[in-house]
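Contents: one structure, followed by commentary.
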Amino acid sequence: MTTALDPKDIHPPFAPYSHGIVVPPGQRLVFCSGQLGIAADKTIPPDCAGQTKLCFDNVAAILREAGLGLEHIIRINAYVTGREHLPDYMGVRNALFAAPYPASTLMIVSGFARPEFVVEIEVIAAGPA
């Protein structure tokens, strides 16, 4: 079980995430490349919420290959193409995670390799060795 680090002498997180996470000894780490909102059949949802859900579905599939699940995520790096996408991204992400929350960064970027993508998510997970 990971331990959240949220010191009381710094500003609290702005949303459900932890400032830091301690991974206990003996855990293995899985690093997932950034996932875009594209399905195996090449369909791409037109909205950020749909793309975000698909990104996390893709992450879940990768973690499943390693015998892990979304509950093992310790770090999320997410990128969206505009402020207007923040509520949709946050709504999907917040529904998927419970305390102790992963450490998380969310950045606004100018775009991705294809213009139809509005979100990309990469994660680090830790689980039993």
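Ordering of the structure tokens sets the chain letters (A, B, ...), residue numbers begin anew at 1 in every chain, and ligands are numbered from 1 in the order given.
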Neighbouring residues of Arg93 of chain A were defined as those with any atom within 9 Å, considering only C-alpha atoms; residues of the same chain fewer than 5 positions away were excluded. Please report them as a ChimeraX atom specification. /A:52-53,56,88
Could you turn the residues from that selection into a file that holds N, CA and C atoms, as a short mmCIF file (atom, residue, chain, number, x, y, z; two decimals), in the first residue's frame?
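Wrote again-v9.cif, looks like this:
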```
data_model
loop_
_atom_site.label_atom_id
_atom_site.label_comp_id
_atom_site.auth_asym_id
_atom_site.auth_seq_id
_atom_site.Cartn_x
_atom_site.Cartn_y
_atom_site.Cartn_z
N THR A 52 -10.85 10.99 -22.65
CA THR A 52 -10.23 10.73 -21.34
C THR A 52 -10.58 9.33 -20.86
N LYS A 53 -11.86 8.96 -20.98
CA LYS A 53 -12.27 7.62 -20.56
C LYS A 53 -11.51 6.56 -21.36
N PHE A 56 -7.88 6.24 -20.17
CA PHE A 56 -7.77 5.44 -18.95
C PHE A 56 -8.12 3.97 -19.21
N ASP A 88 -14.01 18.33 -18.00
CA ASP A 88 -14.29 16.97 -18.49
C ASP A 88 -13.20 16.00 -18.08
#
```
What's the 12 Å shell around Val123 of chain A, counting only C-alpha atoms, without same-chain residues fewer than 4 positions away, as a short mmCIF file (atom, residue, chain, number, x, y, z; two decimals) with all heavy atoms, in the first residue's frame?
```cif
data_model
loop_
_atom_site.label_atom_id
_atom_site.label_comp_id
_atom_site.auth_asym_id
_atom_site.auth_seq_id
_atom_site.Cartn_x
_atom_site.Cartn_y
_atom_site.Cartn_z
N LEU A 29 7.65 -1.33 -10.49
CA LEU A 29 7.09 -0.17 -11.16
C LEU A 29 6.76 -0.50 -12.61
O LEU A 29 7.50 -1.23 -13.27
CB LEU A 29 8.07 1.00 -11.13
CG LEU A 29 8.45 1.53 -9.75
CD1 LEU A 29 9.49 2.63 -9.88
CD2 LEU A 29 7.22 2.05 -9.02
N VAL A 30 5.65 0.05 -13.10
CA VAL A 30 5.26 -0.08 -14.49
C VAL A 30 5.08 1.33 -15.03
O VAL A 30 4.34 2.14 -14.46
CB VAL A 30 3.95 -0.88 -14.65
CG1 VAL A 30 3.51 -0.91 -16.11
CG2 VAL A 30 4.11 -2.29 -14.10
N PHE A 31 5.77 1.65 -16.12
CA PHE A 31 5.71 2.96 -16.75
C PHE A 31 4.90 2.83 -18.03
O PHE A 31 5.26 2.05 -18.92
CB PHE A 31 7.12 3.46 -17.08
CG PHE A 31 7.97 3.68 -15.86
CD1 PHE A 31 8.63 2.63 -15.26
CD2 PHE A 31 8.11 4.95 -15.33
CE1 PHE A 31 9.42 2.82 -14.14
CE2 PHE A 31 8.89 5.16 -14.20
CZ PHE A 31 9.55 4.09 -13.60
N CYS A 32 3.82 3.58 -18.14
CA CYS A 32 2.97 3.55 -19.34
C CYS A 32 3.26 4.77 -20.20
O CYS A 32 3.25 5.90 -19.70
CB CYS A 32 1.49 3.55 -18.96
SG CYS A 32 0.94 2.07 -18.11
N SER A 33 3.47 4.55 -21.46
CA SER A 33 3.60 5.65 -22.42
C SER A 33 2.30 6.43 -22.46
O SER A 33 1.24 5.93 -22.09
CB SER A 33 3.88 5.10 -23.81
OG SER A 33 5.13 4.46 -23.85
N GLY A 34 2.38 7.66 -22.96
CA GLY A 34 1.19 8.48 -23.10
C GLY A 34 0.16 7.79 -23.97
O GLY A 34 0.48 7.28 -25.04
N GLN A 35 -1.08 7.76 -23.47
CA GLN A 35 -2.18 7.13 -24.20
C GLN A 35 -3.13 8.19 -24.72
O GLN A 35 -3.47 9.14 -24.01
CB GLN A 35 -2.94 6.16 -23.29
CG GLN A 35 -2.09 4.99 -22.84
CD GLN A 35 -1.61 4.17 -24.01
OE1 GLN A 35 -2.39 3.67 -24.81
NE2 GLN A 35 -0.29 4.03 -24.14
N CYS A 55 -8.58 6.92 -22.83
CA CYS A 55 -7.17 6.94 -22.39
C CYS A 55 -7.01 6.05 -21.16
O CYS A 55 -6.09 5.22 -21.10
CB CYS A 55 -6.72 8.36 -22.05
SG CYS A 55 -6.48 9.46 -23.45
N PHE A 56 -7.88 6.24 -20.17
CA PHE A 56 -7.77 5.44 -18.95
C PHE A 56 -8.12 3.97 -19.21
O PHE A 56 -7.54 3.08 -18.58
CB PHE A 56 -8.61 6.02 -17.81
CG PHE A 56 -7.94 7.15 -17.10
CD1 PHE A 56 -8.45 8.43 -17.15
CD2 PHE A 56 -6.78 6.94 -16.35
CE1 PHE A 56 -7.83 9.49 -16.48
CE2 PHE A 56 -6.15 7.97 -15.68
CZ PHE A 56 -6.67 9.25 -15.75
N ASN A 58 -7.34 2.42 -21.96
CA ASN A 58 -6.11 1.91 -22.57
C ASN A 58 -5.04 1.69 -21.50
O ASN A 58 -4.34 0.67 -21.52
CB ASN A 58 -5.61 2.88 -23.65
CG ASN A 58 -6.52 2.94 -24.85
OD1 ASN A 58 -7.36 2.07 -25.07
ND2 ASN A 58 -6.38 3.99 -25.64
N VAL A 59 -4.92 2.62 -20.57
CA VAL A 59 -3.98 2.46 -19.46
C VAL A 59 -4.33 1.20 -18.66
O VAL A 59 -3.46 0.41 -18.31
CB VAL A 59 -3.97 3.71 -18.55
CG1 VAL A 59 -3.30 3.42 -17.21
CG2 VAL A 59 -3.30 4.89 -19.26
N ALA A 60 -5.62 1.02 -18.38
CA ALA A 60 -6.06 -0.16 -17.62
C ALA A 60 -5.67 -1.45 -18.34
O ALA A 60 -5.25 -2.42 -17.71
CB ALA A 60 -7.56 -0.10 -17.37
N ILE A 62 -3.12 -1.87 -20.39
CA ILE A 62 -1.66 -2.03 -20.25
C ILE A 62 -1.33 -2.57 -18.88
O ILE A 62 -0.54 -3.52 -18.73
CB ILE A 62 -0.95 -0.70 -20.52
CG1 ILE A 62 -1.15 -0.27 -21.97
CG2 ILE A 62 0.53 -0.79 -20.16
CD1 ILE A 62 -0.82 1.18 -22.24
N LEU A 63 -1.93 -1.99 -17.85
CA LEU A 63 -1.65 -2.44 -16.48
C LEU A 63 -2.12 -3.87 -16.26
O LEU A 63 -1.47 -4.64 -15.55
CB LEU A 63 -2.30 -1.49 -15.47
CG LEU A 63 -1.73 -0.07 -15.45
CD1 LEU A 63 -2.48 0.79 -14.45
CD2 LEU A 63 -0.24 -0.08 -15.16
N GLY A 69 -3.92 -2.90 -11.78
CA GLY A 69 -5.11 -2.16 -12.16
C GLY A 69 -4.93 -0.67 -11.91
O GLY A 69 -3.88 -0.22 -11.44
N LEU A 70 -5.96 0.09 -12.21
CA LEU A 70 -5.89 1.54 -12.00
C LEU A 70 -5.59 1.90 -10.55
O LEU A 70 -4.97 2.94 -10.29
CB LEU A 70 -7.21 2.21 -12.44
CG LEU A 70 -7.56 2.15 -13.92
CD1 LEU A 70 -8.91 2.81 -14.18
CD2 LEU A 70 -6.48 2.81 -14.77
N GLU A 71 -5.99 1.06 -9.63
CA GLU A 71 -5.73 1.34 -8.20
C GLU A 71 -4.24 1.31 -7.87
O GLU A 71 -3.84 1.79 -6.80
CB GLU A 71 -6.49 0.35 -7.31
CG GLU A 71 -5.98 -1.08 -7.34
CD GLU A 71 -6.53 -1.92 -8.49
OE1 GLU A 71 -7.14 -1.38 -9.43
OE2 GLU A 71 -6.32 -3.16 -8.42
N HIS A 72 -3.42 0.82 -8.76
CA HIS A 72 -1.98 0.78 -8.54
C HIS A 72 -1.26 2.00 -9.09
O HIS A 72 -0.04 2.12 -8.93
CB HIS A 72 -1.39 -0.49 -9.17
CG HIS A 72 -1.86 -1.74 -8.51
ND1 HIS A 72 -2.85 -2.54 -9.04
CD2 HIS A 72 -1.50 -2.31 -7.34
CE1 HIS A 72 -3.07 -3.56 -8.22
NE2 HIS A 72 -2.25 -3.45 -7.18
N ILE A 73 -1.99 2.91 -9.72
CA ILE A 73 -1.35 4.11 -10.28
C ILE A 73 -0.86 5.01 -9.16
O ILE A 73 -1.61 5.33 -8.23
CB ILE A 73 -2.32 4.86 -11.22
CG1 ILE A 73 -2.59 4.00 -12.46
CG2 ILE A 73 -1.76 6.23 -11.60
CD1 ILE A 73 -3.63 4.59 -13.40
N ILE A 74 0.41 5.42 -9.27
CA ILE A 74 0.99 6.32 -8.27
C ILE A 74 1.28 7.69 -8.84
O ILE A 74 1.50 8.65 -8.09
CB ILE A 74 2.28 5.72 -7.65
CG1 ILE A 74 3.32 5.45 -8.73
CG2 ILE A 74 1.95 4.46 -6.85
CD1 ILE A 74 4.71 5.14 -8.20
N ARG A 75 1.29 7.81 -10.15
CA ARG A 75 1.62 9.09 -10.80
C ARG A 75 0.86 9.20 -12.11
O ARG A 75 0.84 8.25 -12.91
CB ARG A 75 3.12 9.14 -11.09
CG ARG A 75 3.57 10.32 -11.89
CD ARG A 75 4.06 11.43 -10.97
NE ARG A 75 4.51 12.56 -11.74
CZ ARG A 75 4.02 13.77 -11.57
NH1 ARG A 75 3.11 14.00 -10.67
NH2 ARG A 75 4.46 14.77 -12.27
N ILE A 76 0.23 10.37 -12.32
CA ILE A 76 -0.46 10.67 -13.58
C ILE A 76 0.12 11.95 -14.15
O ILE A 76 0.23 12.96 -13.44
CB ILE A 76 -1.98 10.89 -13.36
CG1 ILE A 76 -2.64 9.67 -12.73
CG2 ILE A 76 -2.66 11.27 -14.69
CD1 ILE A 76 -4.07 9.92 -12.29
N ASN A 77 0.50 11.92 -15.40
CA ASN A 77 0.84 13.12 -16.16
C ASN A 77 -0.20 13.22 -17.27
O ASN A 77 -0.29 12.31 -18.10
CB ASN A 77 2.24 13.04 -16.78
CG ASN A 77 3.32 13.12 -15.74
OD1 ASN A 77 3.16 13.72 -14.68
ND2 ASN A 77 4.45 12.51 -16.03
N ALA A 78 -0.97 14.29 -17.25
CA ALA A 78 -2.02 14.46 -18.25
C ALA A 78 -1.82 15.78 -18.98
O ALA A 78 -1.33 16.76 -18.40
CB ALA A 78 -3.39 14.42 -17.59
N TYR A 79 -2.21 15.77 -20.24
CA TYR A 79 -2.05 16.93 -21.10
C TYR A 79 -3.36 17.14 -21.86
O TYR A 79 -3.90 16.19 -22.43
CB TYR A 79 -0.91 16.68 -22.10
CG TYR A 79 0.33 16.15 -21.44
CD1 TYR A 79 0.54 14.77 -21.32
CD2 TYR A 79 1.29 17.00 -20.91
CE1 TYR A 79 1.68 14.28 -20.70
CE2 TYR A 79 2.43 16.51 -20.29
CZ TYR A 79 2.61 15.14 -20.18
OH TYR A 79 3.72 14.65 -19.56
N PRO A 102 -3.21 9.35 -6.46
CA PRO A 102 -1.90 9.40 -7.11
C PRO A 102 -1.36 10.82 -7.13
O PRO A 102 -2.13 11.79 -7.06
CB PRO A 102 -2.19 8.94 -8.54
CG PRO A 102 -3.61 8.55 -8.62
CD PRO A 102 -4.28 8.99 -7.38
N ALA A 103 -0.06 10.95 -7.24
CA ALA A 103 0.53 12.25 -7.55
C ALA A 103 0.09 12.56 -8.97
O ALA A 103 -0.10 11.66 -9.79
CB ALA A 103 2.05 12.18 -7.44
N SER A 104 -0.09 13.86 -9.29
CA SER A 104 -0.67 14.18 -10.58
C SER A 104 -0.21 15.54 -11.08
O SER A 104 -0.07 16.47 -10.30
CB SER A 104 -2.19 14.16 -10.46
OG SER A 104 -2.81 14.35 -11.71
N THR A 105 0.00 15.62 -12.38
CA THR A 105 0.29 16.88 -13.06
C THR A 105 -0.65 16.97 -14.26
O THR A 105 -0.86 16.00 -14.96
CB THR A 105 1.75 16.92 -13.54
OG1 THR A 105 2.61 16.85 -12.39
CG2 THR A 105 2.05 18.19 -14.31
N LEU A 106 -1.21 18.17 -14.46
CA LEU A 106 -2.08 18.43 -15.60
C LEU A 106 -1.57 19.68 -16.30
O LEU A 106 -1.45 20.73 -15.67
CB LEU A 106 -3.53 18.62 -15.13
CG LEU A 106 -4.56 19.02 -16.17
CD1 LEU A 106 -4.63 18.02 -17.32
CD2 LEU A 106 -5.92 19.19 -15.52
#
```
Please give the complete set of residues from chain A that DSSP, run on the backbone, assigns to strand (DSSP E or B), formatted as a PyMOL selection string.
chain A and resi 3-5+18+20-22+27-36+73-80+103-108+119-128
task = Name the residues of chain A that come out as helix (DSSP H, G or I) in a backbone DSSP run; write them as JSON, numbers by chain.
result = {"A": [48, 49, 50, 51, 52, 53, 54, 55, 56, 57, 58, 59, 60, 61, 62, 63, 64, 65, 70, 71, 72, 83, 84, 85, 86, 87, 88, 89, 90, 91, 92, 93, 94, 95, 96]}
Using only C-alpha atoms, which protein or nucleic acid residues come within 10 Å of Asp47 of chain A? Drop anything in the same chain fewer than 5 positions from it, and give the result as a ChimeraX atom specification.
/A:37,52,85,88,116-119
- Got a sec: who's within 8 Å of Ile38 of chain A, counting only C-alpha atoms, leaving out chain neighbours fewer than 5 positions off, as a PyMOL selection string? chain A and resi 43-45+51+54-55
Just to be explicit: take each residue in the selection above, keep C-alpha atoms, and write the result as a PDB file, in the first residue's frame.
```pdb
ATOM      1  CA  THR A  43     -12.471   5.382 -33.522  1.00  0.00           C
ATOM      2  CA  ILE A  44     -11.810   8.617 -31.637  1.00  0.00           C
ATOM      3  CA  PRO A  45     -14.515  10.177 -29.447  1.00  0.00           C
ATOM      4  CA  GLN A  51     -11.228  10.601 -25.022  1.00  0.00           C
ATOM      5  CA  LEU A  54     -10.662   5.818 -23.496  1.00  0.00           C
ATOM      6  CA  CYS A  55      -7.172   6.935 -22.387  1.00  0.00           C
TER       7      CYS A  55
END
```
Practice task
Have a look at A:Leu36, A:Met90, A:Leu5, A:Pro46 and name the one nearest to Gly111 of chain A; count only C-alpha atoms.
Solution key: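 Among the listed residues, the smallest separation from Gly111 of chain A belongs to A:Leu36.
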#### Entry: Straight-line distance linking atom CA of Tyr17 of chain A with atom CA of Val92 of chain A, stated in Å to one decimal
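If I compute the distance from atom CA of Tyr17 of chain A to atom CA of Val92 of chain A, I get 13.5 Å.
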